[in-house]
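Student: Provided below: coords34.csv, containing CSV, C-alpha atoms.
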chain,number,residue,atom,x,y,z
A,1,MET,CA,124.7,-32.2,74.9
A,2,THR,CA,123.2,-29.9,77.5
A,3,ARG,CA,119.8,-31.0,78.7
A,4,PRO,CA,116.9,-28.8,77.6
A,5,GLU,CA,115.4,-26.4,80.1
A,6,LEU,CA,112.0,-26.6,78.5
A,7,VAL,CA,110.3,-29.4,76.6
A,8,ILE,CA,107.3,-28.5,74.4
A,9,PHE,CA,104.9,-31.2,73.4
A,10,ASP,CA,102.3,-31.2,70.6
A,11,MET,CA,99.0,-32.5,71.8
A,12,ASP,CA,97.1,-34.5,69.1
A,13,ASP,CA,98.8,-37.8,68.1
A,14,VAL,CA,101.6,-37.2,70.6
A,15,LEU,CA,100.1,-36.8,74.1
A,16,CYS,CA,96.9,-38.4,72.8
A,17,HIS,CA,95.6,-40.4,69.9
A,18,TYR,CA,93.2,-38.2,67.9
A,19,ASP,CA,90.4,-39.6,65.8
A,20,LEU,CA,88.9,-36.9,63.6
A,21,GLY,CA,86.4,-39.3,62.1
A,22,ARG,CA,85.0,-40.0,65.5
A,23,ARG,CA,84.7,-36.3,66.2
A,24,LEU,CA,83.0,-35.7,62.9
A,25,ARG,CA,80.5,-38.5,63.5
A,26,ALA,CA,79.6,-37.1,67.0
A,27,LEU,CA,79.0,-33.6,65.5
A,28,ALA,CA,77.0,-35.0,62.6
A,29,LYS,CA,74.7,-36.8,65.1
A,30,LEU,CA,74.1,-33.5,66.9
A,31,ALA,CA,73.4,-31.6,63.7
A,32,ASP,CA,71.5,-34.4,61.9
A,33,VAL,CA,73.8,-34.2,58.9
A,34,THR,CA,76.5,-36.5,57.6
A,35,ALA,CA,80.1,-36.5,58.8
A,36,ARG,CA,81.1,-35.5,55.3
A,37,ASP,CA,78.8,-32.5,55.6
A,38,VAL,CA,80.5,-31.4,58.8
A,39,ARG,CA,84.0,-31.9,57.4
A,40,ALA,CA,83.1,-29.8,54.3
A,41,ALA,CA,81.6,-27.0,56.4
A,42,VAL,CA,84.2,-26.7,59.1
A,43,TRP,CA,87.5,-28.2,58.0
A,44,ASP,CA,87.5,-28.3,54.2
A,45,SER,CA,86.1,-24.8,54.0
A,46,GLY,CA,89.1,-23.3,55.8
A,47,PHE,CA,87.2,-22.2,58.8
A,48,GLU,CA,89.0,-24.3,61.3
A,49,ASP,CA,92.4,-23.3,59.8
A,50,LEU,CA,91.4,-19.7,60.1
A,51,ALA,CA,90.4,-20.2,63.7
A,52,ASP,CA,93.7,-21.9,64.5
A,53,GLN,CA,95.4,-18.7,63.2
A,54,GLY,CA,93.4,-16.4,65.4
A,55,GLY,CA,90.5,-15.6,63.2
A,56,TYR,CA,88.0,-16.3,66.0
A,57,SER,CA,89.8,-15.5,69.3
A,58,GLU,CA,86.7,-15.3,71.4
A,59,ILE,CA,84.9,-18.6,72.3
A,60,GLU,CA,81.4,-17.2,71.7
A,61,HIS,CA,82.3,-15.8,68.3
A,62,TYR,CA,84.0,-19.1,67.3
A,63,LEU,CA,81.0,-21.3,68.5
A,64,ASN,CA,78.5,-19.0,66.8
A,65,GLU,CA,80.3,-19.4,63.4
A,66,PHE,CA,80.9,-23.1,64.0
A,67,SER,CA,77.1,-23.6,64.6
A,68,LYS,CA,76.2,-21.5,61.6
A,69,ARG,CA,78.3,-23.6,59.3
A,70,ILE,CA,76.9,-26.9,60.3
A,71,GLY,CA,73.3,-25.6,60.6
A,72,ARG,CA,72.7,-26.4,64.3
A,73,THR,CA,73.5,-24.6,67.5
A,74,ILE,CA,76.4,-26.3,69.2
A,75,THR,CA,76.9,-25.5,72.9
A,76,LEU,CA,80.3,-25.3,74.5
A,77,ASP,CA,79.6,-28.5,76.4
A,78,GLN,CA,78.6,-30.3,73.2
A,79,TRP,CA,81.7,-29.1,71.4
A,80,ILE,CA,83.9,-30.2,74.3
A,81,ALA,CA,82.2,-33.6,74.5
A,82,ALA,CA,82.7,-34.3,70.7
A,83,ARG,CA,86.3,-33.2,70.8
A,84,SER,CA,87.0,-35.2,74.0
A,85,GLU,CA,85.4,-38.3,72.5
A,86,ALA,CA,88.0,-38.2,69.7
A,87,MET,CA,91.0,-38.1,72.1
A,88,THR,CA,92.5,-41.2,73.7
A,89,PRO,CA,95.4,-40.5,76.2
A,90,ASN,CA,98.8,-41.8,75.1
A,91,HIS,CA,99.7,-43.0,78.6
A,92,GLU,CA,103.3,-44.0,77.6
A,93,VAL,CA,104.1,-40.5,76.5
A,94,LEU,CA,102.3,-38.9,79.4
A,95,ALA,CA,104.3,-41.1,81.8
A,96,VAL,CA,107.6,-39.9,80.3
A,97,ALA,CA,106.3,-36.3,80.4
A,98,GLN,CA,105.7,-36.7,84.1
A,99,LYS,CA,109.3,-37.9,84.6
A,100,ILE,CA,110.7,-35.0,82.4
A,101,ALA,CA,108.7,-32.6,84.6
A,102,THR,CA,111.0,-33.3,87.5
A,103,GLN,CA,114.0,-32.3,85.4
A,104,ALA,CA,112.7,-29.5,83.1
A,105,LYS,CA,109.8,-27.2,82.5
A,106,LEU,CA,106.9,-28.5,80.3
A,107,ALA,CA,104.6,-26.8,77.8
A,108,ILE,CA,102.0,-27.9,75.3
A,109,TYR,CA,101.9,-26.1,71.9
A,110,THR,CA,99.0,-27.2,69.6
A,111,ASN,CA,97.4,-25.8,66.5
A,112,ASN,CA,94.0,-25.0,68.0
A,113,GLY,CA,91.6,-22.2,69.0
A,114,PRO,CA,90.3,-20.7,72.2
A,115,VAL,CA,88.2,-23.6,73.5
A,116,VAL,CA,91.2,-26.0,73.8
A,117,LYS,CA,93.2,-23.2,75.4
A,118,ASN,CA,90.6,-22.4,78.1
A,119,HIS,CA,89.1,-25.9,78.7
A,120,LEU,CA,91.9,-28.4,78.5
A,121,ASP,CA,91.0,-29.6,82.0
A,122,LEU,CA,87.7,-30.8,80.6
A,123,LEU,CA,88.9,-32.0,77.2
A,124,PHE,CA,92.0,-33.8,78.4
A,125,PRO,CA,92.4,-33.9,82.2
A,126,GLU,CA,95.3,-36.3,82.0
A,127,ALA,CA,97.4,-33.7,80.2
A,128,ALA,CA,96.0,-30.8,82.3
A,129,ALA,CA,97.3,-32.5,85.4
A,130,ILE,CA,100.8,-32.5,84.1
A,131,PHE,CA,101.1,-29.3,82.0
A,132,ASP,CA,100.6,-25.9,83.6
A,133,MET,CA,101.8,-24.1,80.5
A,134,ARG,CA,99.4,-24.5,77.5
A,135,PHE,CA,99.6,-22.6,74.3
A,136,CYS,CA,97.4,-22.7,71.2
A,137,SER,CA,98.4,-21.3,67.8
A,138,TYR,CA,95.5,-18.8,67.7
A,139,GLU,CA,97.2,-16.8,70.4
A,140,PHE,CA,100.1,-16.0,68.0
A,141,GLY,CA,98.2,-15.1,64.8
A,142,THR,CA,99.8,-17.9,62.9
A,143,LYS,CA,100.3,-21.6,63.3
A,144,LYS,CA,102.7,-24.5,63.0
A,145,PRO,CA,104.8,-25.0,60.8
A,146,ASP,CA,105.4,-21.3,60.4
A,147,PRO,CA,108.7,-20.6,62.1
A,148,GLU,CA,107.3,-17.3,63.3
A,149,SER,CA,104.8,-19.2,65.4
A,150,TYR,CA,107.6,-20.8,67.4
A,151,ARG,CA,109.4,-17.4,67.8
A,152,ARG,CA,106.2,-15.9,69.2
A,153,LEU,CA,105.7,-18.9,71.5
A,154,LEU,CA,109.3,-18.6,72.8
A,155,LYS,CA,108.8,-14.9,73.4
A,156,ALA,CA,105.8,-15.7,75.5
A,157,LEU,CA,107.8,-18.3,77.4
A,158,HIS,CA,110.9,-16.0,77.8
A,159,ARG,CA,113.1,-18.7,76.4
A,160,GLU,CA,115.9,-19.0,73.8
A,161,PRO,CA,115.4,-21.6,71.1
A,162,ALA,CA,118.5,-23.6,72.1
A,163,GLN,CA,117.1,-24.1,75.5
A,164,CYS,CA,114.0,-25.9,74.2
A,165,TRP,CA,113.2,-29.4,72.8
A,166,PHE,CA,110.0,-29.7,70.7
A,167,ILE,CA,108.1,-32.9,69.9
A,168,ASP,CA,105.5,-33.2,67.1
A,169,ASP,CA,104.0,-35.9,65.0
A,170,LYS,CA,104.1,-33.8,61.8
A,171,LYS,CA,107.4,-33.6,60.0
A,172,SER,CA,106.6,-30.2,58.6
A,173,ASN,CA,106.0,-28.9,62.1
A,174,VAL,CA,109.3,-30.3,63.3
A,175,GLU,CA,111.1,-28.7,60.3
A,176,GLY,CA,109.5,-25.3,61.1
A,177,ALA,CA,110.7,-25.6,64.7
A,178,ARG,CA,114.2,-26.4,63.6
A,179,ILE,CA,114.2,-23.4,61.3
A,180,ALA,CA,113.3,-21.3,64.4
A,181,GLY,CA,116.3,-22.7,66.2
A,182,LEU,CA,114.7,-25.3,68.5
A,183,ARG,CA,115.8,-28.8,68.9
A,184,ALA,CA,113.0,-31.0,67.6
A,185,HIS,CA,111.9,-34.6,67.4
A,186,HIS,CA,109.6,-36.1,64.8
A,187,TYR,CA,107.3,-38.4,66.9
A,188,THR,CA,106.6,-41.6,65.0
A,189,GLY,CA,106.4,-44.0,67.9
A,190,PHE,CA,107.1,-44.3,71.6
A,191,ALA,CA,110.3,-46.3,71.4
A,192,LYS,CA,112.2,-43.7,69.3
A,193,PHE,CA,110.8,-40.9,71.4
A,194,ALA,CA,111.9,-42.4,74.7
A,195,SER,CA,115.4,-43.1,73.2
A,196,GLU,CA,115.7,-39.5,72.0
A,197,ALA,CA,114.5,-38.2,75.4
A,198,ALA,CA,117.4,-40.2,77.0
A,199,ALA,CA,119.8,-38.8,74.4
A,200,GLN,CA,118.7,-35.3,75.4
A,201,GLY,CA,119.9,-36.0,78.9
A,202,PHE,CA,116.6,-37.0,80.7
A,203,GLU,CA,116.5,-39.8,83.2
A,204,LEU,CA,113.6,-42.0,82.5
Using structure tokens, write down the structure that the file contains.
Tutor:
Amino acid sequence: MTRPELVIFDMDDVLCHYDLGRRLRALAKLADVTARDVRAAVWDSGFEDLADQGGYSEIEHYLNEFSKRIGRTITLDQWIAARSEAMTPNHEVLAVAQKIATQAKLAIYTNNGPVVKNHLDLLFPEAAAIFDMRFCSYEFGTKKPDPESYRRLLKALHREPAQCWFIDDKKSNVEGARIAGLRAHHYTGFAKFASEAAAQGFEL
């Protein structure tokens, strides 16, 4: 098997452990509402899904609508703080990514909007220090697991699918990547991931 030239990592629950409940509670405290209220207004309403698909490509536009929905003005700094509070670095995976970076190019591809794209250094400095190439689904007008989202990503990266290995914690996202022609690994734990990285030809 030829070693991949590019390795693409999902962010949440691969490079970091993501706790949505913790994020909801942080936002609820800011807005003086319940976490359930925040979830209903932002996530269950379809707003966040639309943002991930490019519906709010400008940060100011996104934050204005986000604030309107939860009934309280949320600043960029507050949004970043609440998001960051929910993210715990997965140091084992990050360490492997650093080793892979000496043998292949690296990229992040996550279903997210413009704040994550433009402020990863504040949200997740551990990943920002390793990954120069960072892509969010909103840039492509669609999101994982749509196979077209991967095709648009690879076009931006100037890569062929067979040159790339993709890692994601969601099985549907892995299946979408495979439909688009990428090699892909369903991340369910570090041991299997490390074993597959070695099978792909990487020295760890």
Student: Which value, in Å to one decimal, gives the distance between atom CA of His186 of chain A and atom CA of Val42 of chain A?
Tutor: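 So the two atoms, atom CA of His186 of chain A and atom CA of Val42 of chain A, lie 27.7 Å apart.
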Student: What is the distance between atom CA of Cys16 of chain A and atom CA of Asp52 of chain A, in Å to one decimal?
Tutor: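 Separation of atom CA of Cys16 of chain A and atom CA of Asp52 of chain A: 18.7 Å.
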Student: Please measure the separation of atom CA of Ala156 of chain A and atom CA of Glu58 of chain A, giving the value in Å to one decimal.
Tutor: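 Distance between the two atoms: 19.5 Å.
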Student: Please provide the set of residues having any atom within 7 Å of Arg134 of chain A, restricted to only C-alpha atoms, with same-chain residues fewer than 3 positions apart removed, written as a list in words.
Tutor: Ala107, Ile108, Tyr109, Lys117 and Phe131 of chain A
Student: Quick one: residues within 12 Å of Glu60 of chain A, all atoms listed in the file, excluding same-chain residues fewer than 6 positions away - as an MDAnalysis selection string?
Tutor: chainID A and resid 66:67 73:76 79 113:115
Student: Point out the residue among A:Asp132, A:Ile59, A:Ile100, A:Arg36 with the least atom-to-atom distance to Ala198 of chain A, counting only C-alpha atoms.
Tutor: A:Ile100
Student: Restricting the calculation to all atoms listed in the file: of A:Gln98, A:Asp37, A:Val14, A:Leu106, which residue gets closest to Phe193 of chain A?
Tutor: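 Among the listed residues, the smallest separation from Phe193 of chain A belongs to A:Val14.
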Student: Tell me which of A:Val96, A:Met133, A:Ala194, A:Leu123 sits closest to Leu153 of chain A, counting only C-alpha atoms.
Tutor: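 Among the listed residues, the smallest separation from Leu153 of chain A belongs to A:Met133.
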Student: For Asp19 of chain A, which of A:Ala128, A:Leu204, A:Ala82, A:Cys136 is the closest residue, counting all atoms listed in the file?
Tutor: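 Smallest separation from Asp19 of chain A among the options: A:Ala82.
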Student: Ranking A:Ala95, A:Leu20, A:Glu65, A:Gln53 by minimum distance to Ala41 of chain A and counting only C-alpha atoms, which one comes first?
Tutor: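 Distance minimum relative to Ala41 of chain A lands on A:Glu65.
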Student: Between A:Ile70, A:Ala180, A:Ile130, A:Leu50, which residue has the minimum interatomic distance to Ala97 of chain A, considering all atoms listed in the file?
Tutor: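 Closest to Ala97 of chain A, using all atoms listed in the file: A:Ile130.
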Student: Could you tell me, as a PyMOL selection string, which residues have any atom at most 8 Å from (115.8, -28.9, 77.0), counting only C-alpha atoms?
Tutor: chain A and resi 2-7+104+162-165+200
Student: What lies within 10 Å of Asp49 of chain A using all atoms listed in the file, ignoring chain neighbours under 5 positions off, as a PyMOL selection string?
Tutor: chain A and resi 42-44+54-55+111-113+138+142-143
